[in-house]
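Q: Contents are mmCIF, C-alpha atoms; file name run31.cif:
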```cif
data_upload
loop_
_atom_site.group_PDB
_atom_site.id
_atom_site.type_symbol
_atom_site.label_atom_id
_atom_site.label_comp_id
_atom_site.auth_asym_id
_atom_site.auth_seq_id
_atom_site.Cartn_x
_atom_site.Cartn_y
_atom_site.Cartn_z
ATOM 1 C CA MET A 1 -27.131 -68.940 -16.758
ATOM 2 C CA THR A 2 -23.479 -68.017 -16.750
ATOM 3 C CA SER A 3 -21.733 -66.206 -19.539
ATOM 4 C CA PRO A 4 -18.766 -67.796 -21.258
ATOM 5 C CA SER A 5 -15.326 -66.622 -20.212
ATOM 6 C CA PRO A 6 -13.689 -63.948 -22.372
ATOM 7 C CA GLY A 7 -11.098 -66.386 -23.702
ATOM 8 C CA HIS A 8 -13.787 -68.405 -25.516
ATOM 9 C CA ARG A 9 -15.252 -65.503 -27.457
ATOM 10 C CA ARG A 10 -14.684 -65.357 -31.164
ATOM 11 C CA LYS A 11 -12.958 -62.304 -32.523
ATOM 12 C CA PHE A 12 -14.182 -60.690 -35.684
ATOM 13 C CA SER A 13 -11.388 -60.449 -38.217
ATOM 14 C CA GLY A 14 -13.207 -58.097 -40.558
ATOM 15 C CA LYS A 15 -13.732 -60.733 -43.223
ATOM 16 C CA ALA A 16 -17.209 -61.881 -44.028
ATOM 17 C CA PRO A 17 -17.831 -65.619 -44.099
ATOM 18 C CA LEU A 18 -17.801 -67.233 -47.496
ATOM 19 C CA GLY A 19 -21.130 -67.293 -49.228
ATOM 20 C CA SER A 20 -22.507 -64.221 -47.500
ATOM 21 C CA GLY A 21 -23.459 -61.247 -49.597
ATOM 22 C CA ARG A 22 -21.969 -58.662 -47.231
ATOM 23 C CA LYS A 23 -19.265 -56.285 -48.365
ATOM 24 C CA HIS A 24 -16.080 -55.776 -46.451
ATOM 25 C CA GLN A 25 -16.276 -52.871 -43.986
ATOM 26 C CA SER A 26 -13.325 -50.966 -42.721
ATOM 27 C CA LEU A 27 -12.869 -51.250 -38.977
ATOM 28 C CA LEU A 28 -11.271 -48.863 -36.503
ATOM 29 C CA PRO A 29 -7.985 -50.043 -35.033
ATOM 30 C CA GLU A 30 -8.202 -51.534 -31.577
ATOM 31 C CA LYS A 31 -5.636 -49.131 -30.117
ATOM 32 C CA PRO A 32 -6.187 -45.390 -30.537
ATOM 33 C CA SER A 33 -3.446 -43.490 -32.232
ATOM 34 C CA GLY A 34 -1.182 -41.105 -30.323
ATOM 35 C CA LEU A 35 -3.036 -38.088 -31.698
ATOM 36 C CA VAL A 36 -6.351 -39.212 -30.200
ATOM 37 C CA ARG A 37 -4.739 -40.065 -26.888
ATOM 38 C CA ARG A 38 -3.028 -36.673 -26.696
ATOM 39 C CA PHE A 39 -6.256 -34.807 -27.559
ATOM 40 C CA LEU A 40 -8.289 -36.604 -24.906
ATOM 41 C CA SER A 41 -5.730 -36.038 -22.162
ATOM 42 C CA THR A 42 -5.509 -32.242 -22.599
ATOM 43 C CA PRO A 43 -8.232 -30.240 -20.842
ATOM 44 C CA LEU A 44 -10.562 -28.268 -23.026
ATOM 45 C CA THR A 45 -10.487 -24.590 -22.158
ATOM 46 C CA LEU A 46 -12.452 -22.011 -24.023
ATOM 47 C CA LYS A 47 -11.848 -18.358 -23.346
ATOM 48 C CA LEU A 48 -14.371 -15.891 -24.633
ATOM 49 C CA PRO A 49 -13.666 -12.188 -24.723
ATOM 50 C CA LEU A 50 -15.742 -10.219 -22.203
ATOM 51 C CA PRO A 51 -17.850 -7.362 -23.526
ATOM 52 C CA ALA A 52 -16.393 -3.976 -22.669
ATOM 53 C CA THR A 53 -19.700 -2.588 -21.321
ATOM 54 C CA GLN A 54 -20.222 -5.172 -18.548
ATOM 55 C CA ASN A 55 -18.026 -5.970 -15.586
ATOM 56 C CA ASN A 56 -17.168 -9.467 -14.389
ATOM 57 C CA GLU A 57 -19.413 -9.331 -11.293
ATOM 58 C CA SER A 58 -22.597 -8.713 -13.290
ATOM 59 C CA LEU A 59 -21.830 -11.672 -15.535
ATOM 60 C CA LEU A 60 -21.402 -14.030 -12.591
ATOM 61 C CA ARG A 61 -24.685 -13.091 -10.891
ATOM 62 C CA PRO A 62 -27.867 -14.620 -12.307
ATOM 63 C CA SER A 63 -30.583 -12.197 -13.332
ATOM 64 C CA LYS A 64 -33.403 -14.361 -11.924
ATOM 65 C CA LEU A 65 -33.528 -16.793 -9.033
ATOM 66 C CA LEU A 66 -35.576 -19.973 -8.687
ATOM 67 C CA LEU A 67 -36.908 -19.966 -5.118
ATOM 68 C CA LYS A 68 -38.929 -22.548 -3.203
ATOM 69 C CA VAL A 69 -41.281 -21.377 -0.462
ATOM 70 C CA THR A 70 -43.106 -23.831 1.798
ATOM 71 C CA ILE A 71 -46.115 -22.361 3.567
ATOM 72 C CA GLU A 72 -46.944 -23.594 7.059
ATOM 73 C CA ASN A 73 -49.246 -26.688 7.046
ATOM 74 C CA SER A 74 -49.109 -27.040 3.246
ATOM 75 C CA LEU A 75 -47.953 -30.198 1.515
ATOM 76 C CA GLY A 76 -45.495 -28.927 -1.042
ATOM 77 C CA ALA A 77 -43.314 -25.970 -1.835
ATOM 78 C CA ILE A 78 -44.226 -23.217 -4.271
ATOM 79 C CA GLN A 79 -41.575 -22.554 -6.893
ATOM 80 C CA LEU A 80 -41.131 -18.913 -7.840
ATOM 81 C CA LEU A 81 -38.892 -17.198 -10.354
ATOM 82 C CA MET A 82 -37.911 -13.761 -9.040
ATOM 83 C CA LEU A 83 -35.314 -11.073 -9.642
ATOM 84 C CA GLY A 84 -32.364 -10.921 -7.273
ATOM 85 C CA GLU A 85 -32.967 -7.232 -6.536
ATOM 86 C CA GLU A 86 -36.432 -7.869 -5.080
ATOM 87 C CA THR A 87 -36.936 -7.956 -1.316
ATOM 88 C CA VAL A 88 -38.201 -10.508 1.193
ATOM 89 C CA GLU A 89 -41.475 -8.586 1.394
ATOM 90 C CA ASP A 90 -41.976 -9.014 -2.375
ATOM 91 C CA LEU A 91 -41.297 -12.745 -2.036
ATOM 92 C CA ILE A 92 -43.940 -13.076 0.691
ATOM 93 C CA LYS A 93 -46.525 -11.221 -1.422
ATOM 94 C CA THR A 94 -45.783 -13.290 -4.511
ATOM 95 C CA ALA A 95 -45.857 -16.595 -2.613
ATOM 96 C CA LEU A 96 -49.272 -15.790 -1.112
ATOM 97 C CA VAL A 97 -50.676 -14.774 -4.497
ATOM 98 C CA PHE A 98 -49.446 -18.000 -6.118
ATOM 99 C CA TYR A 99 -50.777 -20.105 -3.244
ATOM 100 C CA GLU A 100 -54.263 -18.647 -3.645
ATOM 101 C CA ARG A 101 -54.136 -18.700 -7.455
ATOM 102 C CA GLU A 102 -53.315 -22.427 -7.469
ATOM 103 C CA LYS A 103 -56.143 -22.998 -4.935
ATOM 104 C CA ARG A 104 -53.948 -25.036 -2.657
ATOM 105 C CA ARG A 105 -55.195 -26.428 0.592
ATOM 106 C CA PRO A 106 -55.509 -25.773 3.455
ATOM 107 C CA PHE A 107 -56.895 -22.351 2.669
ATOM 108 C CA LEU A 108 -55.073 -19.460 4.274
ATOM 109 C CA LYS A 109 -56.637 -17.785 7.296
ATOM 110 C CA ASP A 110 -55.276 -14.424 6.258
ATOM 111 C CA SER A 111 -53.866 -13.314 2.916
ATOM 112 C CA ASP A 112 -52.295 -10.098 4.228
ATOM 113 C CA PRO A 113 -48.507 -10.285 3.658
ATOM 114 C CA LYS A 114 -47.861 -8.265 6.829
ATOM 115 C CA CYS A 115 -49.191 -11.173 8.915
ATOM 116 C CA TYR A 116 -46.469 -13.575 7.704
ATOM 117 C CA ASP A 117 -42.803 -14.103 8.505
ATOM 118 C CA LEU A 118 -40.253 -15.693 6.184
ATOM 119 C CA HIS A 119 -37.716 -18.108 7.715
ATOM 120 C CA TYR A 120 -34.867 -20.205 6.356
ATOM 121 C CA SER A 121 -36.519 -23.375 7.680
ATOM 122 C CA PRO A 122 -39.372 -24.414 9.970
ATOM 123 C CA PHE A 123 -36.818 -24.925 12.747
ATOM 124 C CA THR A 124 -35.406 -21.392 12.839
ATOM 125 C CA LEU A 125 -36.951 -18.867 15.188
ATOM 126 C CA GLN A 126 -35.448 -15.732 13.702
ATOM 127 C CA SER A 127 -37.339 -14.355 10.716
ATOM 128 C CA LEU A 128 -35.775 -12.571 7.774
ATOM 129 C CA LYS A 129 -35.886 -8.794 7.506
ATOM 130 C CA PRO A 130 -38.571 -7.587 5.033
ATOM 131 C CA ASP A 131 -36.253 -5.068 3.353
ATOM 132 C CA GLU A 132 -33.406 -7.532 2.700
ATOM 133 C CA LYS A 133 -32.611 -8.342 -0.942
ATOM 134 C CA LEU A 134 -33.075 -11.918 -2.178
ATOM 135 C CA MET A 135 -29.613 -12.030 -3.755
ATOM 136 C CA ASN A 136 -27.956 -11.501 -0.365
ATOM 137 C CA LEU A 137 -29.812 -14.246 1.525
ATOM 138 C CA GLY A 138 -27.562 -17.166 0.600
ATOM 139 C CA SER A 139 -30.392 -19.697 0.357
ATOM 140 C CA ARG A 140 -33.097 -20.552 -2.168
ATOM 141 C CA ASN A 141 -35.433 -22.566 0.104
ATOM 142 C CA PHE A 142 -37.639 -20.758 2.602
ATOM 143 C CA PHE A 143 -40.475 -21.349 5.041
ATOM 144 C CA LEU A 144 -43.451 -18.980 5.412
ATOM 145 C CA ARG A 145 -45.496 -18.948 8.622
ATOM 146 C CA LEU A 146 -48.040 -16.766 10.362
ATOM 147 C CA LYS A 147 -46.654 -14.298 12.852
ATOM 148 C CA PRO A 148 -47.202 -15.115 16.539
ATOM 149 C CA PRO A 149 -50.632 -14.169 18.003
ATOM 150 C CA THR A 150 -49.204 -11.126 19.806
ATOM 151 C CA SER A 151 -48.678 -9.322 16.512
ATOM 152 C CA TYR A 152 -50.837 -6.629 14.971
ATOM 153 C CA CYS A 153 -52.697 -8.902 12.503
ATOM 154 C CA CYS A 154 -54.041 -11.284 15.107
ATOM 155 C CA GLU A 155 -55.068 -8.435 17.423
ATOM 156 C CA LYS A 156 -56.986 -6.851 14.570
ATOM 157 C CA GLU A 157 -58.877 -10.113 13.905
ATOM 158 C CA SER A 158 -59.718 -10.674 17.568
ATOM 159 C CA LEU A 159 -60.962 -7.103 18.004
ATOM 160 C CA ALA A 160 -63.236 -7.426 14.987
ATOM 161 C CA PHE A 161 -64.581 -10.766 16.221
ATOM 162 C CA ASP A 162 -65.167 -9.514 19.787
ATOM 163 C CA SER A 163 -66.997 -6.396 18.662
ATOM 164 C CA ALA A 164 -69.270 -8.285 16.238
ATOM 165 C CA PHE A 165 -70.250 -11.144 18.580
ATOM 166 C CA PRO A 166 -69.595 -10.209 22.212
ATOM 167 C CA TRP A 167 -72.025 -12.857 23.464
ATOM 168 C CA MET A 168 -69.953 -15.702 21.857
ATOM 169 C CA MET A 169 -67.740 -15.535 24.913
ATOM 170 C CA PHE A 170 -70.493 -17.260 26.955
ATOM 171 C CA VAL A 171 -71.277 -20.110 24.528
ATOM 172 C CA HIS A 172 -69.137 -22.628 26.394
ATOM 173 C CA ILE A 173 -71.243 -21.983 29.560
ATOM 174 C CA LEU A 174 -74.457 -22.872 27.715
ATOM 175 C CA LEU A 175 -73.119 -26.219 26.577
#
```
Kindly present the structure from the file in structure tokens form.
A:
Amino acid sequence: MTSPSPGHRRKFSGKAPLGSGRKHQSLLPEKPSGLVRRFLSTPLTLKLPLPATQNNESLLRPSKLLLKVTIENSLGAIQLLMLGEETVEDLIKTALVFYEREKRRPFLKDSDPKCYDLHYSPFTLQSLKPDEKLMNLGSRNFFLRLKPPTSYCCEKESLAFDSAFPWMMFVHILL
């Protein structure tokens, strides 16, 4: 169904039809006055006085940061609210604690923060330094993965497994 053209529309004159019990209502003029037009065209600027005790740089920096950390092989990111002065190592610890507290799956093989590296994305090879502050990173989305098997954590696990079950090495021969 097509709508009628604008030339065929009736215009309301402000008068009620005869016989209706409605009172006359005042209507706004169709064209805005010059005062309204001038007010809308000027930009609204509001200048607040700065407190004398704080400098401009501290006002521009947020006190807390909303960070998203995706853990390797997990479905979704963990959202964390952390201070900007905290380090990458603190972010790794907090992300692992939240992951286990929410009972997300797959379960983590190791919950030791020293066994994990934090990256900007799953496609970057270089990990972030553990002592670097979160405010200086320049990103709010990160990727957490296990360190490569040549690291200390994996060696510790393999040594414990080999010393407890040395005969497990020959299981594949029996099958």
Q: Which is closest to Asp117 (chain A) among A:Leu66, A:Leu75, A:Leu91, A:Val97, if we use only C-alpha atoms?
A: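 Of the candidates, the smallest distance to Asp117 (chain A) is held by A:Leu91.
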Q: Using the chain letters and numbers from this file, what does the PyMOL selection byres ((chain A and resi 112) around 9) select? Give the answer as JSON, numbers by chain.
A: {"A": [93, 96, 110, 111, 113, 114, 115, 116, 153]}
Q: Which one is closest to Leu65 (chain A): A:Thr150, A:Ser127, A:Ser121, A:Ser139? Count all atoms listed in the file.
A: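 Closest to Leu65 (chain A) of all the choices is A:Ser139.
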Q: Have a look at CA of Pro62 (chain A) and CA of Met135 (chain A) and let me know their distance in Å, one decimal.
A: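 Computing it gives 9.1 Å between the two atoms.
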Q: Taking the file above as input, evaluate the PyMOL selection byres ((chain A and resi 70-73) around 7) and report the hits as JSON, numbers by chain.
A: {"A": [68, 69, 74, 75, 76, 77, 78, 142, 143, 144, 145]}
Q: Between CA of Thr87 (chain A) and CA of Lys133 (chain A), what distance in Å does the model show, to one decimal?
A: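 Taking CA of Thr87 (chain A) and CA of Lys133 (chain A), their separation equals 4.4 Å.
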Q: When distances are computed from all atoms listed in the file, which of A:Pro149, A:Val88, A:Lys109, A:Arg104 shows the smallest separation from Pro130 (chain A)?
A: A:Val88
Q: Using CA of Glu102 (chain A) and CA of Pro148 (chain A) as the two end points, give the distance in Å to one decimal.
A: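 Pair CA of Glu102 (chain A) / CA of Pro148 (chain A) returns 25.8 Å.
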